[in-house]
Amino acid sequence: MDKLKKYIYELVADRKLSAKEATAYITSLQKASEAKSDDIAIIGIAGRFPKANTVQQFWENIRFGRECLDDFPVHRKEDGQALFSDRSFAHKRFKKAGYLDEISFFDPDMFRISPKEALSMEPYQRIMLELAYETMLNAGYETREIIGSKTGVFIGKDHVTGIEYRHYVSPDIFSLTGSWPGILASRISYVYNLKGPSIVFDTSCSSGLVGVHFACESLRRNECEMAFVGGISGLFYFPPVKEDGSLDQVESAEEKIRAFDKEATGTVWGEGGGGLLLKPLSRALADNDVIYAVIKGSGINNNGLSKGITAPNGEAQEALLKSVWKQAQINPETIRYIEAHGTGTVLGDSIELQSIINAFQAFTSKKQFCGVGSVKTNIGHLVGASGIVSLIKAVMMLRHGEIPPSLHFQSPSPYMDLTNSAVFVNDALTKWEQQDQPVRIGINSFGFSGTNCHVLLEEPPKAVRQASRGQDSYLLVLSARSEQKLQELAKQYQQFLLANRDVHLGDLCFTASASRHHYAHRATIVFDSYEDLLVKVNELKTANRVSAWTANPAIRYQRHEVVPDNKQTVEAWEIRERAKKSLDRQANEAIKEWIGKTSDQRLIWEQVAPLYIQGATIDWGMLYCGGRKLALPGNILERQKFWPAGAQPKKAEADFLYQVAWKEEALPATDSEQQTACDTVLL
């Protein structure tokens, strides 16, 4: 480190490096040296939850203590009846649960998937693809920066529910690949040409968090440079029937989760999923990534022999916590909160809390310093996705500096003494108290399978960048695949700006230009302040037709489409391939010239804007240097409904297809598309 500093100072003395550049290099080196090599940064998050289609909606729900358990959505019941048209559900009573609003919509074009294949894919494959895309966007990465990279994919999913869909679609090669468990992760690797490990984990309830643990280990072994980790619960294609008594011993009779409470009667199920993008902390700092939280340590073990194959083992849980704390080399007294597994079962919750109490007692006699809670009281038990959702809750707690309430807690279970322990149940919205140590949170995920997992989070290092200063003009570029989606994107930017009034405007423009894919419908906004941008984004959002925009010269819009050189007649919005290459070259040569001639930023932006909307591919690196990625909105998905209508079960045919695939026999082709796909798989 000292030798590098000396070398940088010598470059400054020889006038080969400016003082400003030297300061930036030394700051980056210091950040990297401060980052422990084993620490992993969470740089992107996304999710779908009961009564929340975004992480922000999810946070608002749990922050305000909302219970998101409800009856099965009516429109989904109609979809379910189409699948199960051979059964009668007219007089059945259905269970309350944490249901997703919808599971049937998808944007196949975004992932280069044909409509026929999209229909044959299990909904959980579609949702996980979209979550991967949204997570990467949230991290400030668009597809061109991900494609071909050494990124790993680690997915947790239980396989108890959500496996019936294939019996109601045509039994072809697409229904095989669309429901095969291992392809859940590999489809993401395939779509983005990712070169890292690609694995699906099923350890029942702990599946998602187990994926996080193995992703961290893979990053430390340099098997991948980034890792997408996802978790998704089994989806209900039709609501579970109340009369089914197979899980009466663990389900709540009152359909309410009372984690840690003496009146607890059991759990309630939920649907949903989440995604995280991970990267070694040292690299995330060097790359100026968004850093939501730092993973200080993680671990897994198994119950081994217990009172029953599904019974929890307090000694194993206690040993796991102690192991992770020692691995992370932290003082357990600095752990401010533990997001517990907390399913609402009297036995399971009591054993879990006692294991936490015992683990703390091995290190400290301090009392009542660590809160505990369970997000399952809000949204239900998401089984294989539950650990990922708990982790996302913890990340948002660090981001917002608050602890949401754990619901329905009145009196603690009589099987434990909380008063004389290190922990208390956090049943009210509270803020973190300021302390000298960074805030740390533990996340438990204990599986029905006996596989336990624990992850320890720490708040991220403070960002160096402050609110925008010293720049008098900016250029924001927006693009989408249609005029309507462009206006929807403008609406999302408006919402982002209202929620982030201190945003660094230079970083915002850098991310929107250098870290986004650019589509055919393009708009530019030249502005000089936060208030100016907010007004102009609103103008773009509320215009009757963006294509007819003439009201404000600082806002430009144009559609373009690249067509072959041999096309005879070219429409007003079309540009031939040769002309497009020429436009790209001219645009970037002109930008170099403008930068060399003037320091008037507005003049440069006003020259770049018309070239961009005509379709030019801009080298944004010439215009931005050292920008920091932000979690900005990205391309709006063009989602359509994919659901078999009035389908009859084709189980026997589907099972036959699986047998044929294993034997590598030739499948009868119904069309050339199926034959090509089949040949590819069987080879």
# chains A, B, ... in the order shown; residues from 1 in each chain; ligands from 1

$ residues_around --residues "Leu418 (chain A)" --least-positions-apart "2" --cutoff "9 Å" --atoms "only C-alpha atoms" --output "compact mmCIF listing (two decimals) with N, CA and C atoms, in the first residue's frame"
# COMPACT_ATOMS: atom_id res chain seq x y z
N LEU A 353 -35.60 -19.74 19.86
CA LEU A 353 -35.24 -18.64 20.75
C LEU A 353 -34.29 -19.10 21.85
N GLN A 354 -34.51 -20.29 22.37
CA GLN A 354 -33.61 -20.78 23.41
C GLN A 354 -32.20 -21.00 22.86
N ILE A 357 -30.63 -17.60 22.77
CA ILE A 357 -30.29 -17.20 24.14
C ILE A 357 -29.02 -17.90 24.61
N GLN A 368 -31.03 -8.01 27.21
CA GLN A 368 -32.02 -7.22 26.46
C GLN A 368 -31.40 -6.23 25.47
N PRO A 412 -44.87 -13.79 25.87
CA PRO A 412 -43.91 -14.78 25.37
C PRO A 412 -44.31 -16.21 25.74
N MET A 416 -39.63 -20.31 27.74
CA MET A 416 -38.35 -19.59 27.73
C MET A 416 -38.44 -18.36 28.63
N ASN A 420 -34.56 -12.39 31.35
CA ASN A 420 -33.19 -12.55 31.83
C ASN A 420 -32.24 -13.01 30.72
N SER A 421 -32.59 -12.68 29.49
CA SER A 421 -31.76 -13.11 28.36
C SER A 421 -31.26 -11.92 27.57
N ALA A 422 -30.48 -12.19 26.54
CA ALA A 422 -29.94 -11.13 25.68
C ALA A 422 -30.98 -10.59 24.70
N VAL A 423 -32.10 -11.30 24.51
CA VAL A 423 -33.02 -10.96 23.43
C VAL A 423 -34.38 -10.49 23.95
N PHE A 424 -35.05 -9.75 23.08
CA PHE A 424 -36.43 -9.33 23.32
C PHE A 424 -37.16 -9.36 21.98
N VAL A 425 -38.45 -9.61 22.01
CA VAL A 425 -39.25 -9.61 20.78
C VAL A 425 -39.57 -8.18 20.41

$ residues_around --residues "region 57-69 of chain A" --least-positions-apart "5" --cutoff "8 Å" --atoms "only C-alpha atoms" --output "list of chain:residue names"
A:Phe49, A:Pro50, A:Lys51, A:Ala52, A:Lys96, A:Ala97, A:Gly98, A:Tyr99, A:Gly270, A:Val375, A:Thr377, A:Asn378, A:Ile379, A:Gly380, A:Lys393, A:Met396, A:Ile403, A:Pro404, A:Pro405, A:Ser406, A:Leu407, A:Leu429

$ write_last_selection --atoms "N, CA and C atoms" --output "PDB file, in the first residue's frame"
ATOM      1  N   PHE A  49     -43.732 -10.249  -3.501  1.00  0.00           N
ATOM      2  CA  PHE A  49     -44.212 -10.639  -2.188  1.00  0.00           C
ATOM      3  C   PHE A  49     -45.738 -10.551  -2.145  1.00  0.00           C
ATOM      4  N   PRO A  50     -46.363 -11.205  -1.170  1.00  0.00           N
ATOM      5  CA  PRO A  50     -47.808 -11.011  -1.003  1.00  0.00           C
ATOM      6  C   PRO A  50     -48.136  -9.523  -0.824  1.00  0.00           C
ATOM      7  N   LYS A  51     -49.053  -9.021  -1.658  1.00  0.00           N
ATOM      8  CA  LYS A  51     -49.497  -7.619  -1.636  1.00  0.00           C
ATOM      9  C   LYS A  51     -48.356  -6.620  -1.854  1.00  0.00           C
ATOM     10  N   ALA A  52     -47.306  -7.046  -2.547  1.00  0.00           N
ATOM     11  CA  ALA A  52     -46.196  -6.138  -2.862  1.00  0.00           C
ATOM     12  C   ALA A  52     -45.431  -6.691  -4.052  1.00  0.00           C
ATOM     13  N   LYS A  96     -56.595 -19.218   3.953  1.00  0.00           N
ATOM     14  CA  LYS A  96     -55.946 -17.925   3.789  1.00  0.00           C
ATOM     15  C   LYS A  96     -54.437 -18.158   3.717  1.00  0.00           C
ATOM     16  N   ALA A  97     -53.775 -17.285   3.000  1.00  0.00           N
ATOM     17  CA  ALA A  97     -52.321 -17.403   2.857  1.00  0.00           C
ATOM     18  C   ALA A  97     -51.776 -16.077   2.341  1.00  0.00           C
ATOM     19  N   GLY A  98     -50.474 -16.024   2.194  1.00  0.00           N
ATOM     20  CA  GLY A  98     -49.842 -14.862   1.578  1.00  0.00           C
ATOM     21  C   GLY A  98     -49.697 -15.107   0.092  1.00  0.00           C
ATOM     22  N   TYR A  99     -50.696 -14.686  -0.681  1.00  0.00           N
ATOM     23  CA  TYR A  99     -50.722 -14.985  -2.117  1.00  0.00           C
ATOM     24  C   TYR A  99     -50.155 -13.828  -2.942  1.00  0.00           C
ATOM     25  N   GLY A 270     -47.224 -19.007   2.354  1.00  0.00           N
ATOM     26  CA  GLY A 270     -47.140 -17.828   1.503  1.00  0.00           C
ATOM     27  C   GLY A 270     -46.407 -18.126   0.204  1.00  0.00           C
ATOM     28  N   VAL A 375     -40.612 -12.041   9.786  1.00  0.00           N
ATOM     29  CA  VAL A 375     -41.415 -11.471   8.700  1.00  0.00           C
ATOM     30  C   VAL A 375     -42.560 -12.399   8.319  1.00  0.00           C
ATOM     31  N   THR A 377     -44.856 -13.319  10.139  1.00  0.00           N
ATOM     32  CA  THR A 377     -46.089 -12.791  10.737  1.00  0.00           C
ATOM     33  C   THR A 377     -46.786 -11.822   9.792  1.00  0.00           C
ATOM     34  N   ASN A 378     -46.041 -11.251   8.842  1.00  0.00           N
ATOM     35  CA  ASN A 378     -46.621 -10.332   7.854  1.00  0.00           C
ATOM     36  C   ASN A 378     -47.124 -11.047   6.604  1.00  0.00           C
ATOM     37  N   ILE A 379     -46.309 -11.967   6.085  1.00  0.00           N
ATOM     38  CA  ILE A 379     -46.576 -12.484   4.737  1.00  0.00           C
ATOM     39  C   ILE A 379     -46.747 -14.000   4.678  1.00  0.00           C
ATOM     40  N   GLY A 380     -46.607 -14.685   5.803  1.00  0.00           N
ATOM     41  CA  GLY A 380     -46.711 -16.129   5.795  1.00  0.00           C
ATOM     42  C   GLY A 380     -45.358 -16.791   5.600  1.00  0.00           C
ATOM     43  N   LYS A 393     -35.551  -8.311   4.083  1.00  0.00           N
ATOM     44  CA  LYS A 393     -36.068  -7.483   5.178  1.00  0.00           C
ATOM     45  C   LYS A 393     -34.911  -6.878   5.961  1.00  0.00           C
ATOM     46  N   MET A 396     -33.225  -4.025   4.105  1.00  0.00           N
ATOM     47  CA  MET A 396     -34.013  -2.788   4.136  1.00  0.00           C
ATOM     48  C   MET A 396     -33.984  -2.142   5.513  1.00  0.00           C
ATOM     49  N   ILE A 403     -36.397  -0.811  12.651  1.00  0.00           N
ATOM     50  CA  ILE A 403     -36.769  -2.208  12.879  1.00  0.00           C
ATOM     51  C   ILE A 403     -38.289  -2.304  12.834  1.00  0.00           C
ATOM     52  N   PRO A 404     -38.855  -3.002  11.848  1.00  0.00           N
ATOM     53  CA  PRO A 404     -40.314  -3.145  11.780  1.00  0.00           C
ATOM     54  C   PRO A 404     -40.823  -4.043  12.904  1.00  0.00           C
ATOM     55  N   PRO A 405     -42.099  -3.928  13.236  1.00  0.00           N
ATOM     56  CA  PRO A 405     -42.656  -4.764  14.307  1.00  0.00           C
ATOM     57  C   PRO A 405     -42.896  -6.201  13.851  1.00  0.00           C
ATOM     58  N   SER A 406     -42.654  -7.133  14.765  1.00  0.00           N
ATOM     59  CA  SER A 406     -43.080  -8.516  14.557  1.00  0.00           C
ATOM     60  C   SER A 406     -44.512  -8.589  15.073  1.00  0.00           C
ATOM     61  N   LEU A 407     -45.444  -9.061  14.249  1.00  0.00           N
ATOM     62  CA  LEU A 407     -46.876  -8.924  14.545  1.00  0.00           C
ATOM     63  C   LEU A 407     -47.385  -9.992  15.517  1.00  0.00           C
ATOM     64  N   LEU A 429     -42.421  -0.510  15.839  1.00  0.00           N
ATOM     65  CA  LEU A 429     -41.476   0.143  14.937  1.00  0.00           C
ATOM     66  C   LEU A 429     -40.492   0.971  15.766  1.00  0.00           C
TER      67      LEU A 429
END

$ select_by_dssp --residues "region 272-451 of chain A" --states "strand (DSSP E or B)" --output "NGL selection string"
:A and (273-280 or 293-302 or 335-339 or 370-373 or 381 or 402-403 or 412 or 423-425 or 430-431 or 440-446 or 451)

$ closest_residue --among "A:Gly344, A:Pro123, A:Gly230, A:Gly152" --to "Arg166 (chain A)" --atoms "only C-alpha atoms"
A:Pro123

$ select_by_dssp --residues "region 2-215 of chain A" --states "alpha helix (DSSP H)" --output "ChimeraX atom specification"
/A:2-13,19-34,55-63,74-83,115-120,123-138,143-146,173-177,183-192,207-215

$ closest_residue --among "A:Ile155, A:Leu456, A:Leu637, A:Ala293" --to "Gln329 (chain A)" --atoms "only C-alpha atoms"
A:Leu456

$ closest_residue --among "A:Thr177, A:Thr143, A:Ser104, A:Gln249" --to "Lys641 (chain A)" --atoms "only C-alpha atoms"
A:Ser104

$ closest_residue --among "A:Ile127, A:Ala185, A:Leu209, A:Ala385" --to "Ser233 (chain A)" --atoms "only C-alpha atoms"
A:Ala385

$ closest_residue --among "A:Ile351, A:Leu623, A:Ile591, A:Ile613" --to "Ala514 (chain A)" --atoms "only C-alpha atoms"
A:Leu623

$ closest_residue --among "A:Ala284, A:Ile183, A:Ile595, A:Ile291" --to "Pro461 (chain A)" --atoms "only C-alpha atoms"
A:Ile291

$ residues_around --residues "Leu320 (chain A)" --least-positions-apart "2" --cutoff "12 Å" --atoms "only C-alpha atoms" --output "ChimeraX atom specification"
/A:297-303,313-318,322-327,352,355-356,358-359,442-446,451-456
